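J.: Hey, dropping run.txt in here, compact mmCIF, C-alpha atoms and all ligand atoms:
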# COMPACT_ATOMS: atom_id res chain seq x y z
CA MET A 1 7.48 -20.52 -1.41
CA THR A 2 9.69 -20.65 -4.48
CA PRO A 3 7.97 -20.19 -7.82
CA SER A 4 8.42 -23.01 -10.31
CA ASN A 5 8.88 -22.90 -14.07
CA ASP A 6 5.21 -22.38 -14.73
CA THR A 7 5.29 -19.10 -12.78
CA PRO A 8 2.75 -16.64 -14.18
CA THR A 9 4.53 -13.78 -15.87
CA LYS A 10 3.04 -11.06 -13.66
CA THR A 11 4.59 -10.28 -10.32
CA ALA A 12 3.63 -7.80 -7.62
CA PHE A 13 5.27 -6.58 -4.44
CA VAL A 14 3.16 -5.25 -1.57
CA THR A 15 4.74 -3.43 1.36
CA GLY A 16 3.09 -3.84 4.77
CA ALA A 17 1.27 -7.00 3.72
CA SER A 18 1.62 -8.88 7.00
CA ARG A 19 -1.84 -7.76 8.10
CA GLY A 20 -4.78 -5.47 7.39
CA ILE A 21 -5.34 -3.88 4.01
CA GLY A 22 -1.93 -4.97 2.68
CA ALA A 23 -2.67 -8.62 3.44
CA ALA A 24 -6.00 -8.34 1.59
CA ILE A 25 -4.23 -6.72 -1.37
CA ALA A 26 -1.64 -9.51 -1.48
CA MET A 27 -4.39 -12.14 -1.36
CA ARG A 28 -6.38 -10.47 -4.11
CA LEU A 29 -3.38 -9.94 -6.39
CA ALA A 30 -2.50 -13.63 -6.03
CA ARG A 31 -6.08 -14.60 -6.85
CA ASP A 32 -5.81 -12.39 -9.93
CA GLY A 33 -2.74 -14.29 -11.12
CA PHE A 34 0.21 -12.37 -9.72
CA VAL A 35 3.16 -13.95 -7.97
CA VAL A 36 3.26 -11.82 -4.84
CA GLY A 37 6.01 -10.54 -2.59
CA VAL A 38 4.38 -10.20 0.82
CA GLY A 39 6.32 -7.42 2.54
CA TYR A 40 6.52 -7.40 6.32
CA ARG A 41 8.54 -5.48 8.89
CA SER A 42 7.87 -7.07 12.29
CA GLY A 43 4.98 -9.38 11.38
CA GLU A 44 6.84 -12.36 9.94
CA ASP A 45 4.21 -14.81 11.21
CA GLY A 46 1.45 -12.73 9.63
CA ALA A 47 3.27 -12.60 6.30
CA LYS A 48 3.87 -16.35 6.37
CA ALA A 49 0.18 -16.93 7.12
CA VAL A 50 -0.78 -14.74 4.14
CA CYS A 51 1.57 -16.76 1.91
CA GLU A 52 0.09 -20.02 3.22
CA SER A 53 -3.45 -18.81 2.49
CA ILE A 54 -2.37 -17.85 -1.01
CA ALA A 55 -0.74 -21.25 -1.54
CA ALA A 56 -3.89 -22.98 -0.23
CA GLU A 57 -5.83 -21.22 -3.00
CA GLY A 58 -3.28 -22.38 -5.60
CA GLY A 59 -1.40 -19.08 -5.85
CA ARG A 60 2.23 -18.21 -5.33
CA ALA A 61 3.71 -15.82 -2.81
CA MET A 62 6.78 -15.31 -0.67
CA PRO A 63 7.35 -13.34 2.52
CA VAL A 64 9.96 -10.61 2.12
CA ARG A 65 11.26 -8.57 5.03
CA VAL A 66 11.27 -4.87 4.23
CA ASP A 67 11.44 -1.80 6.44
CA VAL A 68 10.46 1.17 4.29
CA THR A 69 12.19 3.61 6.66
CA ASP A 70 15.50 2.03 5.63
CA PRO A 71 16.57 2.76 2.03
CA GLU A 72 18.90 -0.26 1.88
CA SER A 73 16.18 -2.58 3.15
CA VAL A 74 13.81 -1.46 0.37
CA LYS A 75 16.48 -1.81 -2.32
CA ASP A 76 17.56 -5.24 -1.08
CA ALA A 77 14.00 -6.55 -0.67
CA VAL A 78 12.92 -5.56 -4.16
CA ALA A 79 16.17 -6.86 -5.66
CA ALA A 80 15.73 -10.21 -3.87
CA PHE A 81 12.12 -10.50 -5.09
CA VAL A 82 13.09 -9.64 -8.66
CA LYS A 83 15.94 -12.17 -8.54
CA GLU A 84 13.57 -14.86 -7.28
CA THR A 85 10.72 -14.18 -9.70
CA GLY A 86 12.47 -12.72 -12.74
CA GLY A 87 10.90 -9.26 -12.72
CA LEU A 88 8.45 -6.76 -11.28
CA ASP A 89 5.15 -5.68 -12.82
CA ALA A 90 3.37 -4.03 -9.92
CA MET A 91 4.41 -2.27 -6.71
CA VAL A 92 1.88 -1.44 -4.02
CA ALA A 93 3.27 1.03 -1.49
CA ASN A 94 0.90 0.23 1.35
CA ALA A 95 3.03 0.29 4.51
CA GLY A 96 1.86 3.00 6.85
CA VAL A 97 1.73 4.11 10.47
CA VAL A 98 -0.49 6.53 12.32
CA GLU A 99 -0.14 8.16 15.71
CA ASN A 100 -3.32 9.95 16.66
CA ASN A 101 -2.79 13.08 18.70
CA MET A 102 -3.73 16.70 18.59
CA ALA A 103 -1.04 18.74 16.85
CA VAL A 104 -0.10 20.53 20.03
CA PHE A 105 0.84 17.19 21.64
CA THR A 106 2.53 15.63 18.59
CA GLY A 107 6.24 15.17 19.22
CA GLU A 108 9.25 15.00 16.90
CA GLU A 109 9.43 11.23 17.16
CA ALA A 110 5.86 10.75 15.95
CA LEU A 111 6.44 13.33 13.21
CA ALA A 112 9.55 11.52 12.00
CA ALA A 113 7.93 8.06 12.16
CA MET A 114 4.96 9.08 10.04
CA VAL A 115 6.97 11.07 7.49
CA GLU A 116 9.64 8.37 7.19
CA THR A 117 7.15 5.52 6.82
CA ASN A 118 4.22 7.01 4.95
CA LEU A 119 5.92 9.54 2.68
CA SER A 120 9.61 8.68 2.36
CA GLY A 121 8.74 4.98 2.49
CA ALA A 122 6.30 5.33 -0.40
CA PHE A 123 8.92 7.21 -2.40
CA ARG A 124 11.56 4.54 -1.72
CA SER A 125 9.17 1.74 -2.68
CA ALA A 126 8.18 3.44 -5.92
CA LYS A 127 11.78 4.29 -6.74
CA ALA A 128 12.94 0.72 -6.21
CA ALA A 129 10.32 -0.46 -8.70
CA ILE A 130 11.31 1.83 -11.57
CA LYS A 131 14.33 0.05 -13.03
CA PRO A 132 12.87 -3.47 -12.83
CA MET A 133 9.67 -2.18 -14.44
CA MET A 134 11.62 -0.45 -17.19
CA ARG A 135 13.32 -3.76 -17.91
CA ARG A 136 9.81 -5.26 -18.29
CA GLY A 137 8.77 -2.43 -20.62
CA GLY A 138 6.24 -1.00 -18.15
CA GLY A 139 4.40 -1.56 -14.91
CA ARG A 140 1.98 -0.27 -12.33
CA ILE A 141 2.66 1.57 -9.10
CA VAL A 142 -0.17 2.05 -6.61
CA ILE A 143 0.35 4.15 -3.51
CA ILE A 144 -2.08 3.80 -0.61
CA SER A 145 -3.06 7.22 0.69
CA SER A 146 -6.13 7.98 2.83
CA VAL A 147 -9.14 10.26 2.83
CA ALA A 148 -7.22 11.98 5.63
CA GLY A 149 -4.91 13.30 2.91
CA LEU A 150 -7.88 14.80 1.06
CA MET A 151 -9.99 16.08 3.96
CA GLY A 152 -7.57 16.53 6.86
CA ASN A 153 -8.62 14.74 10.04
CA PRO A 154 -8.53 16.27 13.52
CA GLY A 155 -5.92 14.47 15.61
CA GLN A 156 -4.10 13.42 12.43
CA ALA A 157 -2.27 16.55 11.24
CA VAL A 158 0.98 14.81 10.35
CA TYR A 159 -0.70 11.65 9.09
CA SER A 160 -2.96 13.76 6.86
CA ALA A 161 0.08 15.69 5.59
CA THR A 162 1.94 12.50 4.66
CA LYS A 163 -1.14 11.09 2.92
CA ALA A 164 -1.57 14.34 0.98
CA GLY A 165 2.14 14.20 0.19
CA VAL A 166 1.93 10.83 -1.54
CA ILE A 167 -0.71 12.25 -3.88
CA GLY A 168 1.76 14.85 -5.14
CA LEU A 169 4.39 12.14 -5.33
CA ALA A 170 2.16 9.90 -7.44
CA LYS A 171 1.16 12.70 -9.81
CA ALA A 172 4.77 13.69 -10.43
CA LEU A 173 5.78 10.06 -10.92
CA ALA A 174 2.82 9.52 -13.26
CA ARG A 175 4.13 12.26 -15.55
CA GLU A 176 7.75 11.21 -15.21
CA LEU A 177 7.16 7.53 -15.83
CA ALA A 178 4.40 7.60 -18.46
CA PRO A 179 6.96 7.53 -21.29
CA LYS A 180 8.30 4.29 -19.78
CA GLY A 181 4.86 2.66 -19.74
CA ILE A 182 4.63 2.82 -15.95
CA LEU A 183 1.24 3.98 -14.67
CA VAL A 184 1.10 5.47 -11.18
CA ASN A 185 -2.09 5.87 -9.19
CA VAL A 186 -3.27 6.41 -5.65
CA VAL A 187 -5.96 4.59 -3.71
CA ALA A 188 -7.35 6.62 -0.83
CA PRO A 189 -9.34 4.41 1.54
CA GLY A 190 -11.81 5.84 4.02
CA LEU A 191 -12.52 4.18 7.35
CA ILE A 192 -11.52 0.53 6.90
CA ASP A 193 -12.04 -1.96 9.70
CA THR A 194 -9.08 -4.35 9.71
CA GLY A 195 -9.96 -6.03 13.01
CA ASP A 196 -8.14 -6.21 16.32
CA GLY A 197 -5.25 -3.82 16.72
CA GLY A 198 -6.00 -2.16 13.39
CA MET A 199 -5.44 1.48 12.54
CA ILE A 200 -8.92 2.78 13.25
CA GLU A 201 -8.89 1.38 16.79
CA GLY A 202 -6.68 4.24 17.96
CA ILE A 203 -9.10 6.90 16.78
CA PRO A 204 -10.85 8.56 19.74
CA PRO A 205 -14.57 7.59 19.81
CA GLU A 206 -15.81 11.14 19.18
CA HIS A 207 -13.60 11.50 16.09
CA ARG A 208 -14.60 8.07 14.83
CA ALA A 209 -18.29 8.85 15.29
CA ALA A 210 -17.85 12.14 13.42
CA ALA A 211 -16.07 10.34 10.57
CA GLU A 212 -18.70 7.57 10.43
CA SER A 213 -21.51 10.12 10.25
CA LEU A 214 -20.07 11.31 6.92
CA ILE A 215 -20.11 7.87 5.25
CA ALA A 216 -22.97 7.74 2.72
CA LEU A 217 -23.05 3.93 2.90
CA GLY A 218 -23.31 4.20 6.68
CA ARG A 219 -20.58 1.77 7.68
CA ALA A 220 -16.82 1.25 7.77
CA GLY A 221 -15.33 -0.60 4.80
CA LYS A 222 -13.62 -3.98 4.68
CA PRO A 223 -10.06 -4.54 3.45
CA GLU A 224 -11.46 -6.68 0.63
CA GLU A 225 -13.41 -3.66 -0.60
CA VAL A 226 -10.10 -1.86 -1.15
CA SER A 227 -8.04 -4.74 -2.51
CA GLY A 228 -10.15 -5.30 -5.64
CA VAL A 229 -9.66 -1.67 -6.68
CA VAL A 230 -5.90 -1.94 -6.15
CA SER A 231 -5.74 -5.14 -8.17
CA PHE A 232 -7.68 -3.52 -11.00
CA LEU A 233 -5.15 -0.68 -11.08
CA CYS A 234 -2.32 -3.23 -11.19
CA GLY A 235 -3.93 -5.31 -13.91
CA ALA A 236 -4.19 -5.51 -17.68
CA ASP A 237 -7.56 -3.72 -17.82
CA SER A 238 -6.06 -0.52 -16.45
CA THR A 239 -4.22 1.00 -19.41
CA TYR A 240 -5.47 4.59 -19.52
CA LEU A 241 -5.51 5.60 -15.87
CA THR A 242 -2.53 7.39 -14.42
CA GLY A 243 -1.97 10.15 -11.88
CA GLN A 244 -5.42 9.53 -10.41
CA VAL A 245 -6.71 9.26 -6.86
CA VAL A 246 -9.34 6.57 -6.47
CA THR A 247 -11.23 7.18 -3.24
CA VAL A 248 -12.65 4.00 -1.68
CA ASP A 249 -14.61 5.37 1.25
CA GLY A 250 -18.28 4.46 0.98
CA GLY A 251 -19.04 8.02 -0.07
CA MET A 252 -17.38 9.74 2.88
CA ARG A 253 -15.81 12.42 0.74
CA MET A 254 -17.49 13.40 -2.50
P1 LIG B 1 -2.11 -1.89 9.78
O1 LIG B 1 -1.64 -1.10 10.94
O2 LIG B 1 -3.12 -2.95 9.99
O3 LIG B 1 -0.86 -2.52 9.03
C1 LIG B 1 0.22 -1.71 8.70
C2 LIG B 1 1.20 -2.50 7.87
O4 LIG B 1 2.30 -1.62 7.55
C3 LIG B 1 1.76 -3.70 8.61
O5 LIG B 1 1.88 -4.78 7.71
C4 LIG B 1 3.14 -3.22 9.04
O6 LIG B 1 4.13 -4.24 9.05
C5 LIG B 1 3.49 -2.27 7.92
N1 LIG B 1 4.52 -1.32 8.31
C6 LIG B 1 4.48 -0.38 9.28
N2 LIG B 1 5.65 0.28 9.32
C7 LIG B 1 6.44 -0.26 8.37
C8 LIG B 1 7.76 -0.03 7.92
N3 LIG B 1 8.55 0.91 8.48
N4 LIG B 1 8.26 -0.77 6.91
C9 LIG B 1 7.48 -1.71 6.32
N5 LIG B 1 6.24 -2.02 6.71
C10 LIG B 1 5.73 -1.28 7.72
O7 LIG B 1 -2.64 -0.80 8.72
P2 LIG B 1 -3.86 -0.85 7.68
O8 LIG B 1 -3.93 -2.15 7.01
O9 LIG B 1 -5.05 -0.29 8.33
O10 LIG B 1 -3.35 0.29 6.65
C11 LIG B 1 -2.63 -0.03 5.47
C12 LIG B 1 -2.44 1.26 4.68
O11 LIG B 1 -3.73 1.82 4.42
C13 LIG B 1 -1.66 2.33 5.42
O12 LIG B 1 -0.86 3.04 4.53
C14 LIG B 1 -2.74 3.22 5.99
O13 LIG B 1 -2.28 4.52 6.23
C15 LIG B 1 -3.77 3.17 4.90
N6 LIG B 1 -5.12 3.48 5.33
C16 LIG B 1 -5.77 2.73 6.28
C17 LIG B 1 -7.07 3.04 6.66
C18 LIG B 1 -7.84 2.27 7.67
O14 LIG B 1 -8.94 2.73 8.04
N7 LIG B 1 -7.38 1.11 8.14
C19 LIG B 1 -7.77 4.18 6.05
C20 LIG B 1 -7.00 4.88 5.05
C21 LIG B 1 -5.73 4.52 4.73
P3 LIG B 1 4.47 -5.15 10.35
O15 LIG B 1 3.17 -5.36 11.08
O16 LIG B 1 5.01 -6.39 9.71
O17 LIG B 1 5.48 -4.41 11.14
Please re-express this file's structure in structure tokens.
Ligand code: NDP
T.:
Amino acid sequence: MTPSNDTPTKTAFVTGASRGIGAAIAMRLARDGFVVGVGYRSGEDGAKAVCESIAAEGGRAMPVRVDVTDPESVKDAVAAFVKETGGLDAMVANAGVVENNMAVFTGEEALAAMVETNLSGAFRSAKAAIKPMMRRGGGRIVIISSVAGLMGNPGQAVYSATKAGVIGLAKALARELAPKGILVNVVAPGLIDTGDGGMIEGIPPEHRAAAESLIALGRAGKPEEVSGVVSFLCGADSTYLTGQVVTVDGGMRM
């Protein structure tokens, strides 16, 4: 949907927002007054449905195709969103993939897919946001990591490495971009149940049971329990938080 003249001034772009946690983040940001770019790679229908739900609630959003493994795609998608909306205030680098396998069985293709999407993709998304945010005089970048990046999960060696990697990325960016008024933080979700076909479905039952046994609150989280934290970090109340990792995991890792 095309924003009209009474577009709210704040805009946010979310990668991987066609489903799961990204979709919940897009919905929440729209509810909190942002015009939202709903990034999708293959899930165009999902992204359109998210935009329709946002419109039904009186918000504004547009689907934007972006493949974070492709530098040109990221540049073009952010440029198109900025052209359409007039600027960029928040970037949520959420797109991610996981391939669960013991390290000894993890092949080069899986290694490349996870590094390219989760780590290089987060870097590209953050990078694409810098100039538009500088033109706005500041902004917020939130990168979605995982408790896997803090704890290391069996069967997720590469995934854990990429999710640890984005923490270093965010901390360096936080220092580099603070003088420009751009705050950079990480949200590290725990076990989040996104429904059918979601990320935690591929976790072998014994590993899932072991992970669940560590959760103080005794249950998996919901995407909506992550999205509010992300929106806070993107919003006007977050002015003195940068370079931080906010763990949203029901007390799995303390
Ligand atoms: P889903 O698998 O449900 O959704 C992944 C999203 O990422 C989809 O929208 C997908 O787009 C998008 N995506 C995948 N590859 C690319 C790519 N190359 N370019 C652009 N978009 C891409 O994942 P979740 O919602 O569960 O996870 C979202 C984030 O949260 C991920 O970074 C994940 O690592 C992290 N996380 C998830 C946890 C969980 O328990 N669910 C726990 C901790 C962290 P499309 O479908 O359109 O192709």
J.: Can I get the residues of chain A within 7 Å of ligand LIG 1 (chain B), each with the closest pair of atoms and their distance in Å to one decimal, using all atoms listed in the file, sorted chain first then ascending number, as a tab-separated table?
T.:
residue	atom	partner	partner_atom	distance
A:Thr15	CA	B:LIG1	N5	5.7
A:Gly16	CA	B:LIG1	O5	3.3
A:Ala17	CA	B:LIG1	O5	4.6
A:Ser18	CA	B:LIG1	O5	4.2
A:Arg19	CA	B:LIG1	O5	4.8
A:Gly20	CA	B:LIG1	O8	3.4
A:Ile21	CA	B:LIG1	O8	3.7
A:Gly22	CA	B:LIG1	O8	5.5
A:Gly39	CA	B:LIG1	N5	6.8
A:Tyr40	CA	B:LIG1	O16	3.8
A:Arg41	CA	B:LIG1	O16	3.7
A:Ser42	CA	B:LIG1	O17	3.8
A:Gly43	CA	B:LIG1	O16	3.4
A:Glu44	CA	B:LIG1	O16	6.2
A:Val66	CA	B:LIG1	C9	5.4
A:Asp67	CA	B:LIG1	N4	3.4
A:Val68	CA	B:LIG1	N4	3.9
A:Thr69	CA	B:LIG1	N3	4.9
A:Asn94	CA	B:LIG1	O12	4.6
A:Ala95	CA	B:LIG1	O4	3.7
A:Gly96	CA	B:LIG1	O12	3.6
A:Val97	CA	B:LIG1	C6	5.4
A:Val98	CA	B:LIG1	O13	6.7
A:Thr117	CA	B:LIG1	N3	5.1
A:Asn118	CA	B:LIG1	O12	6.5
A:Ile144	CA	B:LIG1	O12	5.3
A:Ser145	CA	B:LIG1	C21	5.5
A:Ser146	CA	B:LIG1	C20	3.9
A:Val147	CA	B:LIG1	C20	6.2
A:Ala188	CA	B:LIG1	C20	6.1
A:Pro189	CA	B:LIG1	C20	4.2
A:Gly190	CA	B:LIG1	C19	4.8
A:Leu191	CA	B:LIG1	O14	3.9
A:Ile192	CA	B:LIG1	O14	3.6
A:Asp193	CA	B:LIG1	N7	5.8
A:Thr194	CA	B:LIG1	O9	5.9
A:Gly198	CA	B:LIG1	O2	4.5
A:Met199	CA	B:LIG1	O9	4.6
A:Ile200	CA	B:LIG1	O14	5.2
J.: Give me the residues near stretch 150-160 of chain A as a PyMOL selection string, where near means some atom within 7 Å (using only C-alpha atoms) and where sequence neighbours in that chain fewer than 4 positions away do not count.
T.: chain A and resi 98+100-103+111+114+164
J.: Step by step: start from the point (15.2, -7.0, -19.6) in the file's coordinates, keep every protein, DNA or RNA residue that has an atom no farther than 12 Å from it, count all atoms listed in the file, and write the set as a list in words.
T.: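 Collected hits near the coordinates: Val82, Gly86, Gly87, Leu88, Lys131, Pro132, Met133, Met134, Arg135, Arg136, Gly137 and Gly138 of chain A.
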J.: Extract, using all atoms listed in the file, all DNA, RNA and protein residues at most 12 Å from A:Gly139, discarding same-chain residues fewer than 4 positions from it, and format them as a PyMOL selection string.
T.: chain A and resi 10-13+87-92+126+129-135+174+177-185+233-236+238-239+242
J.: Which residues are close to A:Gly59, i.e. within 10 Å by all atoms listed in the file, leaving aside same-chain residues fewer than 5 positions away? Reply as a PDB file with C-alpha atoms, keeping the file's coordinate frame.
T.:
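After the write, selection-v2.pdb holds the following:
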ATOM      1  CA  PRO A   3       7.970 -20.190  -7.820  1.00  0.00           C
ATOM      2  CA  THR A   7       5.290 -19.100 -12.780  1.00  0.00           C
ATOM      3  CA  PRO A   8       2.750 -16.640 -14.180  1.00  0.00           C
ATOM      4  CA  MET A  27      -4.390 -12.140  -1.360  1.00  0.00           C
ATOM      5  CA  LEU A  29      -3.380  -9.940  -6.390  1.00  0.00           C
ATOM      6  CA  ALA A  30      -2.500 -13.630  -6.030  1.00  0.00           C
ATOM      7  CA  ARG A  31      -6.080 -14.600  -6.850  1.00  0.00           C
ATOM      8  CA  ASP A  32      -5.810 -12.390  -9.930  1.00  0.00           C
ATOM      9  CA  GLY A  33      -2.740 -14.290 -11.120  1.00  0.00           C
ATOM     10  CA  PHE A  34       0.210 -12.370  -9.720  1.00  0.00           C
ATOM     11  CA  VAL A  35       3.160 -13.950  -7.970  1.00  0.00           C
ATOM     12  CA  VAL A  36       3.260 -11.820  -4.840  1.00  0.00           C
ATOM     13  CA  CYS A  51       1.570 -16.760   1.910  1.00  0.00           C
ATOM     14  CA  GLU A  52       0.090 -20.020   3.220  1.00  0.00           C
ATOM     15  CA  SER A  53      -3.450 -18.810   2.490  1.00  0.00           C
ATOM     16  CA  ILE A  54      -2.370 -17.850  -1.010  1.00  0.00           C
TER      17      ILE A  54
END
J.: Could you jot down the atom CA of A:Val166 to atom CA of A:Ile143 separation for me, Å, one decimal place?
T.: 7.1 Å
J.: Can you pull out the residues contacting stretch 78-80 of chain A? Cut-off 7 Å, using all atoms listed in the file, and skip same-chain residues under 4 positions away; I want them as a list in words.
T.: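 Everything that qualifies: Val74, Glu84 and Ala128 of chain A.
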J.: Store the residues picked out above, limited to C-alpha atoms, as a PDB file, in the frame of the given file.
T.:
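And here's again38.pdb as it stands now:
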ATOM      1  CA  VAL A  74      13.810  -1.460   0.370  1.00  0.00           C
ATOM      2  CA  GLU A  84      13.570 -14.860  -7.280  1.00  0.00           C
ATOM      3  CA  ALA A 128      12.940   0.720  -6.210  1.00  0.00           C
TER       4      ALA A 128
END
J.: May I ask which of the residues A:Ala113, A:Ala49, A:Thr85, A:Pro223 is the closest one to A:Thr9, counting all atoms listed in the file?
T.: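 Between A:Ala113, A:Ala49, A:Thr85, A:Pro223, the residue approaching A:Thr9 most closely is A:Thr85.
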J.: Skip A:Ala211 itself and residues of its chain fewer than 2 positions away, then list as number ranges by chain all residues within 10 Å of it, counting only C-alpha atoms.
T.: A: 153, 190-191, 203, 205-209, 213-215, 220, 252
J.: Which protein, DNA or RNA residues have an atom at most 8 Å from (5.5, -15.6, 0.8), counting only C-alpha atoms? List them as a PDB file with C-alpha atoms, in the coordinates of the input.
T.:
ATOM      1  CA  MET A   1       7.480 -20.520  -1.410  1.00  0.00           C
ATOM      2  CA  VAL A  36       3.260 -11.820  -4.840  1.00  0.00           C
ATOM      3  CA  GLY A  37       6.010 -10.540  -2.590  1.00  0.00           C
ATOM      4  CA  VAL A  38       4.380 -10.200   0.820  1.00  0.00           C
ATOM      5  CA  ALA A  47       3.270 -12.600   6.300  1.00  0.00           C
ATOM      6  CA  LYS A  48       3.870 -16.350   6.370  1.00  0.00           C
ATOM      7  CA  VAL A  50      -0.780 -14.740   4.140  1.00  0.00           C
ATOM      8  CA  CYS A  51       1.570 -16.760   1.910  1.00  0.00           C
ATOM      9  CA  GLU A  52       0.090 -20.020   3.220  1.00  0.00           C
ATOM     10  CA  ARG A  60       2.230 -18.210  -5.330  1.00  0.00           C
ATOM     11  CA  ALA A  61       3.710 -15.820  -2.810  1.00  0.00           C
ATOM     12  CA  MET A  62       6.780 -15.310  -0.670  1.00  0.00           C
ATOM     13  CA  PRO A  63       7.350 -13.340   2.520  1.00  0.00           C
ATOM     14  CA  VAL A  64       9.960 -10.610   2.120  1.00  0.00           C
TER      15      VAL A  64
END
J.: Got a minute to add N, CA and C atoms to stretch 59-80 of chain A and dump it as a tab-separated table (two decimals), in the coordinates of the input?
T.:
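Result went into result_29.tsv, see below:
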chain	number	residue	atom	x	y	z
A	59	GLY	N	-2.23	-20.19	-5.37
A	59	GLY	CA	-1.40	-19.08	-5.85
A	59	GLY	C	0.03	-19.20	-5.37
A	60	ARG	N	0.82	-18.19	-5.71
A	60	ARG	CA	2.23	-18.21	-5.33
A	60	ARG	C	2.61	-16.90	-4.66
A	61	ALA	N	3.30	-17.02	-3.55
A	61	ALA	CA	3.71	-15.82	-2.81
A	61	ALA	C	4.91	-16.15	-1.94
A	62	MET	N	5.64	-15.12	-1.59
A	62	MET	CA	6.78	-15.31	-0.67
A	62	MET	C	6.87	-14.14	0.30
A	63	PRO	N	7.16	-14.44	1.57
A	63	PRO	CA	7.35	-13.34	2.52
A	63	PRO	C	8.69	-12.66	2.27
A	64	VAL	N	8.71	-11.34	2.32
A	64	VAL	CA	9.96	-10.61	2.12
A	64	VAL	C	10.06	-9.54	3.20
A	65	ARG	N	11.12	-9.58	3.98
A	65	ARG	CA	11.26	-8.57	5.03
A	65	ARG	C	11.65	-7.24	4.41
A	66	VAL	N	10.93	-6.20	4.74
A	66	VAL	CA	11.27	-4.87	4.23
A	66	VAL	C	10.82	-3.81	5.23
A	67	ASP	N	11.76	-2.95	5.60
A	67	ASP	CA	11.44	-1.80	6.44
A	67	ASP	C	11.57	-0.56	5.55
A	68	VAL	N	10.44	0.07	5.26
A	68	VAL	CA	10.46	1.17	4.29
A	68	VAL	C	11.14	2.43	4.82
A	69	THR	N	11.44	2.46	6.13
A	69	THR	CA	12.19	3.61	6.66
A	69	THR	C	13.69	3.47	6.39
A	70	ASP	N	14.08	2.31	5.86
A	70	ASP	CA	15.50	2.03	5.63
A	70	ASP	C	15.73	1.85	4.12
A	71	PRO	N	16.39	2.83	3.49
A	71	PRO	CA	16.57	2.76	2.03
A	71	PRO	C	17.22	1.46	1.55
A	72	GLU	N	18.21	0.98	2.30
A	72	GLU	CA	18.90	-0.26	1.88
A	72	GLU	C	17.96	-1.45	1.95
A	73	SER	N	17.12	-1.47	2.99
A	73	SER	CA	16.18	-2.58	3.15
A	73	SER	C	15.23	-2.64	1.96
A	74	VAL	N	14.75	-1.48	1.51
A	74	VAL	CA	13.81	-1.46	0.37
A	74	VAL	C	14.51	-1.94	-0.89
A	75	LYS	N	15.72	-1.43	-1.12
A	75	LYS	CA	16.48	-1.81	-2.32
A	75	LYS	C	16.73	-3.31	-2.33
A	76	ASP	N	17.20	-3.82	-1.18
A	76	ASP	CA	17.56	-5.24	-1.08
A	76	ASP	C	16.33	-6.13	-1.24
A	77	ALA	N	15.21	-5.72	-0.62
A	77	ALA	CA	14.00	-6.55	-0.67
A	77	ALA	C	13.48	-6.66	-2.10
A	78	VAL	N	13.44	-5.53	-2.78
A	78	VAL	CA	12.92	-5.56	-4.16
A	78	VAL	C	13.88	-6.34	-5.05
A	79	ALA	N	15.18	-6.13	-4.85
A	79	ALA	CA	16.17	-6.86	-5.66
A	79	ALA	C	16.04	-8.36	-5.43
A	80	ALA	N	15.85	-8.77	-4.18
A	80	ALA	CA	15.73	-10.21	-3.87
A	80	ALA	C	14.47	-10.78	-4.52
